[in-house]
Amino acid sequence: MTRSVTVSVPAKVNVQLAVGGVRPDGFHDLANVFLAVGLHDRVTVTPSDTLRITVEGPDADQVPADRTNLAARAAELLGARYGIAPEVHLHIAKEIPVAGGMAGGSADGAGALVACDALWGTGASREELLSLCAELGSDVPFSLIGGAALGRGRGELLTPLEVGGTFHWVFAVADGGLSTPAVYRECDRLREAAYAERAGAGATGGASVEHVPDPEPSPALLDALAEGDVVALASAVMAGGTPPGFAGGTPARTVSGGGSSNDLQAAAVSLRPSLTETLEAGAKAGALASIVSGSGPTCAFLARDAAAATALSGALRASGTCRTAIPATSPAPGATVV
């Protein structure tokens, strides 16, 4: 009988995404507070005569079914490390929104890594798997460990965080996706524009490490997570991050889409102005906090409890501002063989 291994891997929401200035290598240092949530992709790996990818689920046609897929790259990377030909069929069953700012592609990479490790019996240590995850992408290590964590560097340097309770969310899924690199570029552009407005005509810069403070996690937000205090978490999420144009210790004006702990929110809203309507609809429907998830365009809404999340998801679906709205809880475990 042909053996197969299936791994369930969660989505994430960034309850804080503090973005530093652009570095000389083009990346940004982050203070990224991850929460894994109970929306899952399932990656099934089966021996095959060649490496191939199939995908099912919502927007499956938008997921690359070739070697650019992180799941395929994970199989190749692990195989190269242990001298194993990556001759496997990787089947991905999608539940996580595609290109929605919830790390669906990263989840598939982590899921494939764990599944191939189990199928091949490589016996890779957790540290080895995390190192391979970091090679695949900034969000992939967190998809492996799940729970809650603070991500430093590009987000791949993880410190697990305590969570004192269950948090209830609703995720409003938009039509189409947003490119994460494009959102970062827009964040830099907005910072440069705001800096030029503040410093005067002809001024350049505003997006580099010289002009943007080092990203730091919010102590109030970390305390709220540890205590399981939903009201305190909502307050911290809505408290605001680093405004565009922040330089010399004095913040410039914020732009549309600011006012959250996600420094990429203004950029996501700039590229997709309709997200403002979704965020407002959630707030009007009783969400304690409304935030763009990561680089978007999925919007995340924090609800007081399960009943409030059910009501909120119904109100968002009825608002016409999103394609669908899905309730889910956090934290959730990381990549798990099922």
# chains A, B, ... in the order shown; residues from 1 in each chain; ligands from 1
>>> closest_atom_pairs(of="stretch 186-251 of chain A", to="stretch 296-301 of chain A", cutoff="12 Å", atoms="only C-alpha atoms", output="Markdown table")
| residue | atom | partner | partner_atom | distance |
| --- | --- | --- | --- | --- |
| A:Val230 | CA | A:Phe301 | CA | 11.7 |
| A:Leu233 | CA | A:Phe301 | CA | 11.7 |
| A:Ala234 | CA | A:Phe301 | CA | 9.3 |
| A:Val237 | CA | A:Phe301 | CA | 10.3 |
| A:Met238 | CA | A:Phe301 | CA | 11.0 |
>>> closest_residue(among="A:Ala71, A:Ala325, A:Leu30, A:Val19", to="A:Ala266", atoms="only C-alpha atoms")
A:Val19
>>> residues_around(residues="A:Val209", least_positions_apart="2", cutoff="10 Å", atoms="only C-alpha atoms", output="compact mmCIF listing (two decimals) with N, CA and C atoms, in the first residue's frame")
# COMPACT_ATOMS: atom_id res chain seq x y z
N GLY A 20 10.29 48.44 10.53
CA GLY A 20 11.40 49.39 10.53
C GLY A 20 11.66 49.94 9.15
N GLY A 21 12.70 50.76 9.05
CA GLY A 21 13.06 51.33 7.76
C GLY A 21 13.66 50.30 6.83
N VAL A 22 13.66 50.61 5.54
CA VAL A 22 14.21 49.68 4.57
C VAL A 22 15.73 49.62 4.75
N ARG A 23 16.26 48.41 4.80
CA ARG A 23 17.68 48.18 5.02
C ARG A 23 18.42 48.24 3.67
N PRO A 24 19.75 48.32 3.71
CA PRO A 24 20.50 48.31 2.45
C PRO A 24 20.23 47.08 1.59
N HIS A 28 13.19 44.79 5.64
CA HIS A 28 12.84 45.63 6.78
C HIS A 28 12.95 44.80 8.05
N ASP A 29 13.53 45.37 9.10
CA ASP A 29 13.44 44.73 10.40
C ASP A 29 12.01 44.86 10.92
N GLY A 205 14.36 60.79 1.15
CA GLY A 205 14.50 59.84 2.25
C GLY A 205 13.18 59.69 2.97
N GLY A 206 13.25 59.22 4.20
CA GLY A 206 12.05 59.05 5.01
C GLY A 206 11.66 57.61 5.21
N ALA A 207 12.20 56.70 4.39
CA ALA A 207 11.81 55.29 4.51
C ALA A 207 12.96 54.41 4.98
N HIS A 211 15.70 57.04 9.13
CA HIS A 211 14.54 57.89 9.36
C HIS A 211 13.41 57.21 10.12
N VAL A 212 13.45 55.90 10.24
CA VAL A 212 12.36 55.16 10.89
C VAL A 212 12.91 54.49 12.14
N PRO A 213 12.25 54.64 13.28
CA PRO A 213 12.76 54.05 14.51
C PRO A 213 12.77 52.53 14.46
N ASP A 214 13.65 51.93 15.25
CA ASP A 214 13.69 50.47 15.33
C ASP A 214 12.34 49.95 15.80
N ALA A 247 10.27 60.64 11.78
CA ALA A 247 11.71 60.89 11.67
C ALA A 247 12.12 61.89 12.74
>>> atom_distance(atom1="atom CA of A:Ala285", atom2="atom CA of A:Leu316")
7.5 Å
>>> residues_around(residues="A:Leu39", least_positions_apart="2", cutoff="7 Å", atoms="only C-alpha atoms", output="PyMOL selection string")
chain A and resi 10-11+37+95-96+328
>>> write_last_selection(atoms="N, CA, C and O atoms", output="mmCIF file, in the first residue's frame")
data_model
loop_
_atom_site.group_PDB
_atom_site.id
_atom_site.type_symbol
_atom_site.label_atom_id
_atom_site.label_comp_id
_atom_site.auth_asym_id
_atom_site.auth_seq_id
_atom_site.Cartn_x
_atom_site.Cartn_y
_atom_site.Cartn_z
ATOM 1 N N PRO A 10 -1.730 25.985 10.326
ATOM 2 C CA PRO A 10 -2.678 27.069 10.540
ATOM 3 C C PRO A 10 -2.342 28.356 9.791
ATOM 4 O O PRO A 10 -1.195 28.585 9.378
ATOM 5 N N ALA A 11 -3.355 29.190 9.666
ATOM 6 C CA ALA A 11 -3.167 30.579 9.237
ATOM 7 C C ALA A 11 -2.625 31.386 10.405
ATOM 8 O O ALA A 11 -2.551 30.914 11.542
ATOM 9 N N VAL A 37 -4.194 30.990 14.023
ATOM 10 C CA VAL A 37 -5.655 30.921 14.143
ATOM 11 C C VAL A 37 -6.172 29.642 13.495
ATOM 12 O O VAL A 37 -5.517 29.044 12.640
ATOM 13 N N GLU A 95 -7.833 26.131 2.869
ATOM 14 C CA GLU A 95 -8.872 26.821 3.641
ATOM 15 C C GLU A 95 -8.423 28.251 3.922
ATOM 16 O O GLU A 95 -9.234 29.159 4.026
ATOM 17 N N ILE A 96 -7.113 28.454 4.037
ATOM 18 C CA ILE A 96 -6.558 29.784 4.287
ATOM 19 C C ILE A 96 -6.715 30.630 3.029
ATOM 20 O O ILE A 96 -6.390 30.173 1.929
ATOM 21 N N ALA A 328 -13.038 32.373 13.588
ATOM 22 C CA ALA A 328 -11.991 31.426 13.977
ATOM 23 C C ALA A 328 -11.419 31.868 15.309
ATOM 24 O O ALA A 328 -11.534 33.042 15.699
#
>>> residues_around(residues="stretch 43-59 of chain A", least_positions_apart="3", cutoff="7 Å", atoms="only C-alpha atoms", output="PyMOL selection string")
chain A and resi 3-8+62+65-66+86-95+98+108+111-112+115-116
>>> select_by_dssp(residues="stretch 18-96 of chain A", states="helix (DSSP H, G or I)", output="ChimeraX atom specification")
/A:60-62,70-82
>>> select_by_dssp(residues="stretch 119-320 of chain A", states="strand (DSSP E)", output="MDAnalysis selection string")
chainID A and resid 148:152 157:160 167:173 289:292 299:303
>>> atom_distance(atom1="atom CA of A:Ala72", atom2="atom CA of A:Ala60")
15.6 Å
>>> closest_residue(among="A:Ile291, A:Ala148, A:Ala134, A:Leu119", to="A:Leu279", atoms="only C-alpha atoms")
A:Ile291
>>> atom_distance(atom1="atom CA of A:Gly286", atom2="atom CA of A:Ala309")
9.3 Å
>>> closest_residue(among="A:Ala318, A:Ala306, A:Ala267, A:Val140", to="A:Glu186", atoms="only C-alpha atoms")
A:Ala267
>>> residues_around(residues="A:Pro141", least_positions_apart="2", cutoff="10 Å", atoms="only C-alpha atoms", output="VMD selection string")
chain A and resid 106 to 107 109 to 110 129 to 139 143 to 146 151 155 to 158 334
>>> residues_around(residues="A:Leu222", least_positions_apart="2", cutoff="10 Å", atoms="only C-alpha atoms", output="list in words")
Val15, Gln16, Val33, Ala149, Leu150, Leu161, Glu162, Val163, Pro217, Ser218, Pro219, Ala220, Ala224, Leu225, Ala226, Glu227, Gly228, Ala232, Leu233 and Ala236 of chain A
